[in-house]
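Everything below concerns the one structure shown next.
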Amino acid sequence: MKIFDTMRISASGLTAERLRMDTIASNIANVNTTRTEEGGPYRRKVAVFRENLETEINKQTGNIERVSRGVKAVGVVEDDSPLQSVYDPGHPDADENGYVMMPNVNILNEMVDMIAATRAYEANVTAINATKSMMLKALEIGRR
């Protein structure tokens with residue numbers, strides 16, 4: 001693995017965690033949205049990632065290998081978990097029985113996901129800083 005590959009992999013992790021944080025922020029902002037443009041309440045969104053693999057030929061053995069280049073955002077999908085039904089007969093979106101369909105967003109789960117995304121972002125920043133430090137040390141050694 002080349003030294004710049006580690007930077008590229010960590011940068012892809014930073015990008016992925018940023019998308020995850022944006023998705024979580026959207027979920028939190030819409031925790032009480034009962035009417036969307038599509039009709040019905042807001043549905044929780046989840047960022048989906050996959051490993052970014054590339055095919056390379058190993059120069060020493062001549063074999064074809066799949067090499068990881070970090071993560072790649074596949075998209076943002078809606079969570080299919082059931083919506084919450086809350087009794088609030090005064091709400092403008094209440095049905096004839098007084099129940100309102102609320103989003104399937106749980107603030108506690110979103111906060112846990114946000115903390116996990118923050119920690120993953122910090123880990124990628126630490127990896128970039130460690131790689132940068134190694135590069136600087138290698139340049140220092142090369143000057144002597």
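Naming scheme: A, B, ... for chains in displayed order of the structure tokens; residues 1 onward per chain; ligands 1 onward as shown.
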
Problem - Distance query A:Gly13 at most 10 Å, only C-alpha atoms, self and fewer than 4 positions along chain excluded, as a PyMOL selection string - result: chain A and resi 7-9+17-19+49+70-73+120-121+123-125

Handout entry: Residues within 12 Å of A:Ser26, only C-alpha atoms, excluding chain neighbours under 2 positions, as a ChimeraX atom specification
Key = /A:19-24,28-33,42-47,76,105,107,110,114

Quick check for you: according to DSSP on this backbone, which residues of chain A are classed as strand (DSSP E)? Reply as a CSV table (one decimal) with N, CA, C and O atoms, in the first residue's frame.
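The resulting result.csv:
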chain,number,residue,atom,x,y,z
A,45,LYS,N,-34.3,8.6,7.3
A,45,LYS,CA,-33.3,8.3,6.3
A,45,LYS,C,-32.1,7.7,6.8
A,45,LYS,O,-31.7,8.0,8.0
A,46,VAL,N,-31.5,6.8,6.1
A,46,VAL,CA,-30.2,6.1,6.5
A,46,VAL,C,-29.2,6.2,5.3
A,46,VAL,O,-29.6,5.8,4.2
A,47,ALA,N,-28.0,6.6,5.6
A,47,ALA,CA,-27.0,6.6,4.6
A,47,ALA,C,-26.4,5.2,4.4
A,47,ALA,O,-26.2,4.5,5.4
A,48,VAL,N,-26.2,4.8,3.1
A,48,VAL,CA,-25.7,3.4,2.9
A,48,VAL,C,-24.4,3.6,2.2
A,48,VAL,O,-24.2,4.3,1.2
A,49,PHE,N,-23.4,2.8,2.7
A,49,PHE,CA,-22.1,2.8,2.1
A,49,PHE,C,-21.7,1.4,1.7
A,49,PHE,O,-22.2,0.4,2.1
A,50,ARG,N,-20.6,1.3,0.8
A,50,ARG,CA,-20.0,0.0,0.5
A,50,ARG,C,-18.6,0.3,0.3
A,50,ARG,O,-18.1,1.4,0.1
A,51,GLU,N,-17.8,-0.8,0.3
A,51,GLU,CA,-16.4,-0.8,0.1
A,51,GLU,C,-16.1,-0.4,-1.3
A,51,GLU,O,-16.7,-0.9,-2.2
A,52,ASN,N,-15.2,0.5,-1.5
A,52,ASN,CA,-14.8,0.9,-2.9
A,52,ASN,C,-13.5,0.1,-3.3
A,52,ASN,O,-12.4,0.3,-2.8
A,53,LEU,N,-13.8,-0.9,-4.1
A,53,LEU,CA,-12.7,-1.8,-4.5
A,53,LEU,C,-12.3,-1.5,-6.0
A,53,LEU,O,-13.1,-1.1,-6.8
A,54,GLU,N,-11.0,-1.6,-6.2
A,54,GLU,CA,-10.5,-1.5,-7.5
A,54,GLU,C,-9.6,-2.7,-7.9
A,54,GLU,O,-9.0,-3.3,-7.0
A,55,THR,N,-9.6,-3.0,-9.1
A,55,THR,CA,-8.8,-4.2,-9.6
A,55,THR,C,-7.4,-3.7,-10.0
A,55,THR,O,-7.3,-2.7,-10.8
A,56,GLU,N,-6.4,-4.4,-9.5
A,56,GLU,CA,-5.0,-4.0,-9.8
A,56,GLU,C,-4.2,-5.3,-10.1
A,56,GLU,O,-4.6,-6.4,-9.6
A,57,ILE,N,-3.2,-5.1,-10.9
A,57,ILE,CA,-2.3,-6.3,-11.1
A,57,ILE,C,-1.1,-6.1,-10.2
A,57,ILE,O,-0.4,-5.1,-10.2
A,64,ILE,N,-4.0,-10.7,-10.5
A,64,ILE,CA,-5.0,-9.7,-10.4
A,64,ILE,C,-5.6,-9.7,-9.0
A,64,ILE,O,-6.0,-10.7,-8.5
A,65,GLU,N,-5.6,-8.5,-8.3
A,65,GLU,CA,-6.1,-8.4,-7.0
A,65,GLU,C,-7.1,-7.3,-6.9
A,65,GLU,O,-7.1,-6.4,-7.6
A,66,ARG,N,-8.0,-7.5,-5.9
A,66,ARG,CA,-9.0,-6.4,-5.6
A,66,ARG,C,-8.4,-5.6,-4.4
A,66,ARG,O,-8.1,-6.2,-3.4
A,67,VAL,N,-8.2,-4.3,-4.6
A,67,VAL,CA,-7.6,-3.5,-3.6
A,67,VAL,C,-8.7,-2.5,-3.1
A,67,VAL,O,-9.4,-1.9,-3.9
A,68,SER,N,-8.7,-2.3,-1.8
A,68,SER,CA,-9.7,-1.4,-1.2
A,68,SER,C,-9.2,0.1,-1.3
A,68,SER,O,-8.0,0.4,-1.1
A,69,ARG,N,-10.1,0.9,-1.7
A,69,ARG,CA,-9.8,2.3,-1.8
A,69,ARG,C,-10.7,3.1,-0.9
A,69,ARG,O,-11.0,4.3,-1.1
A,70,GLY,N,-11.2,2.5,0.2
A,70,GLY,CA,-12.0,3.2,1.2
A,70,GLY,C,-13.4,2.8,1.1
A,70,GLY,O,-13.8,1.7,0.7
A,71,VAL,N,-14.3,3.8,1.3
A,71,VAL,CA,-15.7,3.5,1.3
A,71,VAL,C,-16.4,4.5,0.2
A,71,VAL,O,-15.8,5.5,-0.1
A,72,LYS,N,-17.5,4.1,-0.2
A,72,LYS,CA,-18.2,4.9,-1.2
A,72,LYS,C,-19.7,5.0,-0.8
A,72,LYS,O,-20.3,4.0,-0.4
A,73,ALA,N,-20.3,6.1,-0.9
A,73,ALA,CA,-21.7,6.3,-0.6
A,73,ALA,C,-22.5,5.7,-1.8
A,73,ALA,O,-22.3,6.1,-2.9
A,74,VAL,N,-23.4,4.8,-1.4
A,74,VAL,CA,-24.3,4.2,-2.4
A,74,VAL,C,-25.5,5.0,-2.5
A,74,VAL,O,-26.1,5.1,-3.6
A,75,GLY,N,-26.0,5.6,-1.4
A,75,GLY,CA,-27.2,6.4,-1.5
A,75,GLY,C,-27.7,6.6,-0.1
A,75,GLY,O,-27.2,6.2,0.9
A,76,VAL,N,-28.9,7.2,0.0
A,76,VAL,CA,-29.6,7.5,1.2
A,76,VAL,C,-31.0,6.8,1.0
A,76,VAL,O,-31.7,7.1,0.0
A,77,VAL,N,-31.3,5.9,1.9
A,77,VAL,CA,-32.6,5.2,1.7
A,77,VAL,C,-33.5,5.5,2.9
A,77,VAL,O,-33.0,5.9,4.0
A,78,GLU,N,-34.8,5.2,2.7
A,78,GLU,CA,-35.8,5.4,3.8
A,78,GLU,C,-35.8,4.2,4.6
A,78,GLU,O,-35.8,3.1,4.1
A,84,GLN,N,-45.1,6.0,14.0
A,84,GLN,CA,-45.7,6.0,15.3
A,84,GLN,C,-47.1,6.7,15.2
A,84,GLN,O,-47.3,7.7,14.5
A,85,SER,N,-48.1,6.1,15.9
A,85,SER,CA,-49.4,6.7,16.0
A,85,SER,C,-49.6,7.3,17.3
A,85,SER,O,-49.5,6.7,18.4
A,86,VAL,N,-49.9,8.6,17.3
A,86,VAL,CA,-50.0,9.4,18.6
A,86,VAL,C,-51.4,10.0,18.6
A,86,VAL,O,-51.9,10.6,17.6
A,87,TYR,N,-52.0,9.9,19.8
A,87,TYR,CA,-53.3,10.5,20.0
A,87,TYR,C,-53.2,12.0,20.2
A,87,TYR,O,-52.6,12.5,21.2
A,99,TYR,N,-56.0,10.3,15.9
A,99,TYR,CA,-54.6,9.8,15.9
A,99,TYR,C,-53.8,10.5,14.8
A,99,TYR,O,-54.4,10.7,13.7
A,100,VAL,N,-52.6,10.8,15.0
A,100,VAL,CA,-51.7,11.4,14.1
A,100,VAL,C,-50.5,10.4,13.8
A,100,VAL,O,-50.0,9.9,14.7
A,101,MET,N,-50.2,10.2,12.5
A,101,MET,CA,-49.1,9.4,12.2
A,101,MET,C,-47.8,10.3,12.3
A,101,MET,O,-47.7,11.2,11.5
A,102,MET,N,-46.9,9.9,13.2
A,102,MET,CA,-45.7,10.6,13.4
A,102,MET,C,-44.5,9.9,12.7
A,102,MET,O,-44.6,8.7,12.5

Practice task
as an NGL selection string, please: all residues of chain A that backbone DSSP puts in helix (DSSP H, G or I).
Solution key: :A and (3-29 or 107-143)

Practice task
Find the residue from A:Ser12, A:Ser133, A:Thr118, A:Asn104 that sits nearest to A:Pro41; use only C-alpha atoms when measuring.
Solution key: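 Looking at the shortest contact to A:Pro41, the residue is A:Asn104.
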